[in-house]
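Below is one structure, written out as structure tokens, with a few remarks after it.
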Amino acid sequence: MIQVIENKGLKIETLKKRNDFLRVANANRKWVTPAMVVQTCMQPENDDHIIRVGFTASKKVGNAVQRNRAKRRMREVVKRVMAFSAEKKHDYVIIARKEIADLPFNELIRDLKWALKRLHKSAGKSGSRNN
RNA sequence: UCAGAUGACCGGAAGAUCGCUGCUGCCUUUGUGGUAGAAGAGGAAAGUCCGGGCACCACGGAAGAACGGUGCUGGUUAAUGGCCAGCGAAGGUGACUUCAGGGAAAGUGCCACAGAAAAUAUACCGCCAUUUAUUUGGUAAGGGUGAAAUGGUGCGGUAAGAGCGCACCGCCUUUCUGGUGACAGAAAGGGCAGGGUAAACCCCACCGGGUGCAAAAUCGAAUAGGAACGACUGGCUACGGCCGCUUAUCUUUCGGAGUGUCGUUCGGGUAGAUUGCAUGACUUGGCUGGUAACAGCCAAGCUAGAUGAAUGAUCUUACAUCAGGAUUUAGAUAAUAAAUCUUGAGGACAGAACCCGGCUUAUAGGUCAUCUGACGCU
């Protein structure tokens, strides 16, 4: 797994600015899975080796303990999936849903892979539109 | 053994793999680097309800008014509405618990319904005397109303009654004794002053300036705009403009637009960064004083510091606990209890955000200490 990262030369950073979150949300490319919602768009700056990922857990997920746990699980999933199935020059935002605390970890990995696949496929086929 | 009361404590464990945060050492291509090491959430981190430290703002000092808060006494503390020790009242067989516990003889307001009468009192049925009378007078024992009706019980007394008199209890005043005090006890005097409500206004005593670390300080880009200086650049003016010049190439006319540009410096202080920011009313242990809260002294220690917010994720193993099933033992082939095996579920409330002291609320399950009552045994 580490080798994959090295081969592709990709580096994962986290999104921190509110503006970035809004930009990704407005791009209107998203895929919904039982545990989370995945949004994506192209990066404005051109650095080939960086993928940026933002995490959102609103109050709907639960209290502070449950929100933090949701973010940590998302971060772990991203670490294992994004390294070899993300696209260069893209920003991603992952929004937690209530079920994220209860679902098994393997299912989260499978769902994120599937969501990324669908997003990239639809981007290639029909531009930026996806409902 | 059972049922309680009070106080204190724990609040998941072990292993493997992969990470995150700042710190220290070394290396270093000085970077958002590499590597090694030790460290990294709570009893409530929560609610943001009180009290402080700290910072800024306002303000000459002090007192008062207004507003808000507190409200038995003494102590403790940086401080409190907290805590400790007492007092009083209420509850409990008891250990013990609860109390918004100053003033109702400073004044004002309110008290439904019932009732004669709910407060400058008064007399419905009664009782007694008197009278021709359904009259007049005396009474407040008894009845009735109500949450509440001029203190209670007994004896005397009387026409009937009544603190009218007496005894005891209650109440009020004064004095004495004990206590720092809240208050307690005793004696003497007074026939009794008179409902509730102050979580109604109010009175009395004491306390309180405001805003909060997104406070505040330092450094400080980029863009736009501002000021000063220098270089080059057209005049007139009555300050409204007019003429001139420029606007990709030559000449003329008309219309529109422009009339300054460049460089340096300064100030403002935005994004961002650093400080504030963890050596403190600190933690642990011991000794001394104190009933205790707590205080003093000595020794040792350094124990989270994030900022879209680290302190974990995944897997495995037992274990507490819960539910179902089976077997054995006790028991009446019952109910039930205990033990063993097995299958499944499964770890509460909850995440530091400047820091402390409290309070309140949430919390699966478990441990310990002291004490009380009941039963049994000696």
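Just remember, in the structure tokens the first chain shown is A, the second B, etc., residues are 1-based per chain, and ligands are 1-based in the order shown.
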
Which of range 18-130 of chain A end up as strand (DSSP E) when DSSP is run on this backbone - answer as a CSV table (one decimal) with all heavy atoms, in the first residue's frame?
chain,number,residue,atom,x,y,z
A,30,LYS,N,-21.7,14.8,-7.2
A,30,LYS,CA,-21.7,14.1,-5.9
A,30,LYS,C,-22.3,12.7,-6.1
A,30,LYS,O,-23.0,12.4,-7.1
A,30,LYS,CB,-22.5,14.9,-4.9
A,30,LYS,CG,-24.0,14.9,-5.2
A,30,LYS,CD,-24.7,15.6,-4.0
A,30,LYS,CE,-26.2,15.7,-4.3
A,30,LYS,NZ,-26.9,16.4,-3.3
A,31,TRP,N,-21.9,11.8,-5.2
A,31,TRP,CA,-22.4,10.5,-5.1
A,31,TRP,C,-22.8,10.1,-3.7
A,31,TRP,O,-22.0,10.4,-2.8
A,31,TRP,CB,-21.4,9.5,-5.7
A,31,TRP,CG,-22.0,8.1,-5.8
A,31,TRP,CD1,-21.9,7.0,-5.0
A,31,TRP,CD2,-22.9,7.7,-6.9
A,31,TRP,NE1,-22.6,6.0,-5.5
A,31,TRP,CE2,-23.3,6.4,-6.6
A,31,TRP,CE3,-23.4,8.3,-8.0
A,31,TRP,CZ2,-24.1,5.6,-7.5
A,31,TRP,CZ3,-24.2,7.6,-8.9
A,31,TRP,CH2,-24.6,6.3,-8.6
A,32,VAL,N,-24.0,9.5,-3.5
A,32,VAL,CA,-24.4,9.3,-2.1
A,32,VAL,C,-24.3,7.8,-1.8
A,32,VAL,O,-24.8,7.0,-2.6
A,32,VAL,CB,-25.9,9.7,-1.9
A,32,VAL,CG1,-26.3,9.5,-0.5
A,32,VAL,CG2,-26.0,11.2,-2.3
A,36,MET,N,-22.1,8.0,3.7
A,36,MET,CA,-21.5,9.3,3.4
A,36,MET,C,-21.8,9.8,2.1
A,36,MET,O,-22.3,9.0,1.2
A,36,MET,CB,-19.9,9.2,3.6
A,36,MET,CG,-19.3,8.1,2.8
A,36,MET,SD,-17.7,7.8,3.5
A,36,MET,CE,-17.3,6.2,2.7
A,37,VAL,N,-21.6,11.1,1.9
A,37,VAL,CA,-21.8,11.7,0.6
A,37,VAL,C,-20.4,12.2,0.1
A,37,VAL,O,-19.7,12.8,0.9
A,37,VAL,CB,-22.7,13.0,0.8
A,37,VAL,CG1,-23.0,13.7,-0.6
A,37,VAL,CG2,-24.1,12.5,1.4
A,38,VAL,N,-20.1,11.9,-1.2
A,38,VAL,CA,-18.8,12.3,-1.7
A,38,VAL,C,-19.0,13.4,-2.8
A,38,VAL,O,-19.9,13.2,-3.7
A,38,VAL,CB,-18.1,11.1,-2.3
A,38,VAL,CG1,-16.7,11.5,-2.8
A,38,VAL,CG2,-18.0,10.0,-1.3
A,39,GLN,N,-18.3,14.5,-2.7
A,39,GLN,CA,-18.4,15.5,-3.7
A,39,GLN,C,-17.0,15.7,-4.2
A,39,GLN,O,-16.0,15.5,-3.5
A,39,GLN,CB,-18.8,16.9,-3.1
A,39,GLN,CG,-20.2,16.8,-2.4
A,39,GLN,CD,-20.5,18.1,-1.7
A,39,GLN,OE1,-19.7,18.7,-1.1
A,39,GLN,NE2,-21.8,18.5,-1.8
A,40,THR,N,-16.9,16.2,-5.4
A,40,THR,CA,-15.5,16.5,-6.0
A,40,THR,C,-15.6,17.6,-7.0
A,40,THR,O,-16.7,17.9,-7.5
A,40,THR,CB,-15.0,15.2,-6.6
A,40,THR,OG1,-13.7,15.4,-7.1
A,40,THR,CG2,-15.8,14.8,-7.8
A,41,CYS,N,-14.4,18.2,-7.3
A,41,CYS,CA,-14.2,19.1,-8.5
A,41,CYS,C,-12.8,19.2,-8.8
A,41,CYS,O,-11.9,18.8,-8.0
A,41,CYS,CB,-14.9,20.4,-8.2
A,41,CYS,SG,-13.9,21.5,-7.2
A,42,MET,N,-12.4,19.9,-9.9
A,42,MET,CA,-11.0,20.2,-10.2
A,42,MET,C,-10.4,21.2,-9.3
A,42,MET,O,-11.1,22.1,-8.8
A,42,MET,CB,-10.9,20.7,-11.7
A,42,MET,CG,-11.4,19.7,-12.7
A,42,MET,SD,-10.2,18.3,-12.9
A,42,MET,CE,-8.9,19.2,-13.8
A,50,ILE,N,-0.8,16.5,-5.6
A,50,ILE,CA,-1.5,16.7,-4.4
A,50,ILE,C,-3.0,16.5,-4.6
A,50,ILE,O,-3.6,17.0,-5.6
A,50,ILE,CB,-1.3,18.2,-3.8
A,50,ILE,CG1,0.1,18.3,-3.4
A,50,ILE,CG2,-2.3,18.5,-2.7
A,50,ILE,CD1,0.5,19.7,-2.8
A,51,ILE,N,-3.6,15.7,-3.7
A,51,ILE,CA,-5.0,15.6,-3.7
A,51,ILE,C,-5.5,16.2,-2.4
A,51,ILE,O,-4.8,16.1,-1.3
A,51,ILE,CB,-5.5,14.1,-3.6
A,51,ILE,CG1,-4.8,13.3,-4.7
A,51,ILE,CG2,-6.9,14.0,-3.7
A,51,ILE,CD1,-5.0,11.9,-4.6
A,52,ARG,N,-6.5,17.0,-2.4
A,52,ARG,CA,-7.0,17.6,-1.2
A,52,ARG,C,-8.3,17.0,-0.8
A,52,ARG,O,-9.2,16.9,-1.7
A,52,ARG,CB,-7.0,19.1,-1.3
A,52,ARG,CG,-5.6,19.7,-1.6
A,52,ARG,CD,-5.6,21.1,-1.5
A,52,ARG,NE,-6.5,21.8,-2.4
A,52,ARG,CZ,-6.8,23.1,-2.3
A,52,ARG,NH1,-6.2,23.9,-1.4
A,52,ARG,NH2,-7.6,23.6,-3.2
A,53,VAL,N,-8.5,16.7,0.5
A,53,VAL,CA,-9.8,16.1,0.9
A,53,VAL,C,-10.3,16.9,2.1
A,53,VAL,O,-9.5,17.2,3.0
A,53,VAL,CB,-9.5,14.6,1.3
A,53,VAL,CG1,-10.9,14.0,1.6
A,53,VAL,CG2,-8.8,13.9,0.2
A,54,GLY,N,-11.6,17.2,2.1
A,54,GLY,CA,-12.2,17.8,3.3
A,54,GLY,C,-13.2,16.9,3.9
A,54,GLY,O,-13.8,16.1,3.2
A,55,PHE,N,-13.4,17.1,5.2
A,55,PHE,CA,-14.3,16.2,6.0
A,55,PHE,C,-15.4,17.1,6.6
A,55,PHE,O,-15.0,18.1,7.3
A,55,PHE,CB,-13.6,15.4,7.0
A,55,PHE,CG,-12.5,14.5,6.5
A,55,PHE,CD1,-11.2,15.0,6.5
A,55,PHE,CD2,-12.8,13.3,5.9
A,55,PHE,CE1,-10.2,14.2,5.9
A,55,PHE,CE2,-11.8,12.5,5.3
A,55,PHE,CZ,-10.5,13.0,5.4
A,56,THR,N,-16.6,16.7,6.5
A,56,THR,CA,-17.7,17.4,7.2
A,56,THR,C,-18.5,16.5,8.0
A,56,THR,O,-18.9,15.4,7.5
A,56,THR,CB,-18.6,18.1,6.2
A,56,THR,OG1,-17.8,19.1,5.5
A,56,THR,CG2,-19.7,18.9,6.8
A,90,HIS,N,-7.7,16.9,-8.2
A,90,HIS,CA,-9.0,17.0,-7.7
A,90,HIS,C,-9.1,17.3,-6.3
A,90,HIS,O,-8.2,16.9,-5.5
A,90,HIS,CB,-9.8,15.7,-8.0
A,90,HIS,CG,-10.3,15.6,-9.4
A,90,HIS,ND1,-9.5,15.5,-10.5
A,90,HIS,CD2,-11.6,15.6,-9.8
A,90,HIS,CE1,-10.3,15.4,-11.6
A,90,HIS,NE2,-11.6,15.5,-11.2
A,91,ASP,N,-10.2,18.0,-5.9
A,91,ASP,CA,-10.5,18.2,-4.5
A,91,ASP,C,-11.7,17.3,-4.2
A,91,ASP,O,-12.6,17.2,-5.0
A,91,ASP,CB,-10.9,19.7,-4.2
A,91,ASP,CG,-9.6,20.5,-4.2
A,91,ASP,OD1,-8.5,20.0,-4.2
A,91,ASP,OD2,-9.7,21.8,-4.2
A,92,TYR,N,-11.7,16.8,-3.0
A,92,TYR,CA,-12.9,16.0,-2.6
A,92,TYR,C,-13.4,16.5,-1.2
A,92,TYR,O,-12.6,16.9,-0.4
A,92,TYR,CB,-12.5,14.5,-2.4
A,92,TYR,CG,-12.0,13.9,-3.6
A,92,TYR,CD1,-10.6,13.9,-4.0
A,92,TYR,CD2,-12.9,13.2,-4.5
A,92,TYR,CE1,-10.2,13.3,-5.2
A,92,TYR,CE2,-12.4,12.6,-5.7
A,92,TYR,CZ,-11.0,12.7,-6.0
A,92,TYR,OH,-10.6,12.1,-7.1
A,93,VAL,N,-14.7,16.4,-1.0
A,93,VAL,CA,-15.3,16.6,0.3
A,93,VAL,C,-16.2,15.5,0.6
A,93,VAL,O,-17.0,15.0,-0.2
A,93,VAL,CB,-16.2,17.9,0.2
A,93,VAL,CG1,-17.0,18.0,1.5
A,93,VAL,CG2,-15.3,19.1,0.1
A,94,ILE,N,-16.0,14.9,1.8
A,94,ILE,CA,-16.8,13.8,2.3
A,94,ILE,C,-17.6,14.2,3.5
A,94,ILE,O,-17.1,14.8,4.4
A,94,ILE,CB,-15.9,12.6,2.7
A,94,ILE,CG1,-15.0,12.3,1.5
A,94,ILE,CG2,-16.7,11.4,3.1
A,94,ILE,CD1,-14.1,11.1,1.7
A,95,ILE,N,-18.9,14.0,3.3
A,95,ILE,CA,-19.9,14.4,4.3
A,95,ILE,C,-20.4,13.2,5.1
A,95,ILE,O,-20.8,12.2,4.4
A,95,ILE,CB,-21.0,15.2,3.7
A,95,ILE,CG1,-20.5,16.4,3.0
A,95,ILE,CG2,-22.0,15.6,4.8
A,95,ILE,CD1,-21.5,17.1,2.1
A,96,ALA,N,-20.3,13.2,6.4
A,96,ALA,CA,-20.7,12.0,7.1
A,96,ALA,C,-22.2,12.0,7.3
A,96,ALA,O,-22.9,13.0,7.4
A,96,ALA,CB,-20.1,12.0,8.5

Query raised in the report: Within 9 Å of chain A, which residues of chain B show up when using only C-alpha atoms (C1' of nucleotides), listed as a PyMOL selection string?
Result: chain B and resi 19+308+312-314+350-351

Report summary line: The distance between C1' of C232 in chain B and C1' of G263 in chain B is 11.8 Å

Using only C-alpha atoms (C1' of nucleotides), which protein or nucleic acid residues come within 12 Å of A188 in chain B? Drop anything in the same chain fewer than 6 positions from it, and give the result as a PDB file with N, CA, C and O atoms (P, O5', C5', C4', C3', O3' and C1' of nucleotides), in the first residue's frame.
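The resulting file, result02.pdb, is reproduced below:
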ATOM      1  P     U B 173     -41.449  39.934  74.029  1.00  0.00           P
ATOM      2  O5'   U B 173     -41.438  40.685  75.433  1.00  0.00           O
ATOM      3  C5'   U B 173     -41.946  42.021  75.545  1.00  0.00           C
ATOM      4  C4'   U B 173     -41.915  42.474  76.980  1.00  0.00           C
ATOM      5  C3'   U B 173     -40.556  42.429  77.667  1.00  0.00           C
ATOM      6  O3'   U B 173     -39.753  43.545  77.328  1.00  0.00           O
ATOM      7  C1'   U B 173     -42.201  41.513  79.107  1.00  0.00           C
ATOM      8  P     U B 174     -38.156  43.399  77.271  1.00  0.00           P
ATOM      9  O5'   U B 174     -37.798  43.285  78.814  1.00  0.00           O
ATOM     10  C5'   U B 174     -37.948  44.413  79.675  1.00  0.00           C
ATOM     11  C4'   U B 174     -37.752  44.009  81.117  1.00  0.00           C
ATOM     12  C3'   U B 174     -36.408  43.394  81.466  1.00  0.00           C
ATOM     13  O3'   U B 174     -35.386  44.363  81.615  1.00  0.00           O
ATOM     14  C1'   U B 174     -38.132  42.135  82.488  1.00  0.00           C
ATOM     15  P     U B 175     -33.854  43.973  81.265  1.00  0.00           P
ATOM     16  O5'   U B 175     -33.466  43.016  82.473  1.00  0.00           O
ATOM     17  C5'   U B 175     -33.331  43.550  83.794  1.00  0.00           C
ATOM     18  C4'   U B 175     -33.218  42.440  84.809  1.00  0.00           C
ATOM     19  C3'   U B 175     -32.035  41.505  84.654  1.00  0.00           C
ATOM     20  O3'   U B 175     -30.837  42.063  85.154  1.00  0.00           O
ATOM     21  C1'   U B 175     -33.978  40.226  85.085  1.00  0.00           C
ATOM     22  P     C B 176     -29.422  41.634  84.480  1.00  0.00           P
ATOM     23  O5'   C B 176     -29.224  40.155  85.038  1.00  0.00           O
ATOM     24  C5'   C B 176     -29.019  39.940  86.432  1.00  0.00           C
ATOM     25  C4'   C B 176     -29.108  38.470  86.778  1.00  0.00           C
ATOM     26  C3'   C B 176     -28.100  37.575  86.080  1.00  0.00           C
ATOM     27  O3'   C B 176     -26.822  37.613  86.692  1.00  0.00           O
ATOM     28  C1'   C B 176     -30.235  36.558  85.991  1.00  0.00           C
TER      29        C B 176
END

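Straight-line separation from CA of Glu87 in chain A to C1' of A309 in chain B: 27.6 Å.
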
Report summary line: Using only C-alpha atoms, the best pick from A:Ile100, A:Arg110, A:Arg118, A:Ala57 as closest to Ala35 in chain A would be A:Ile100
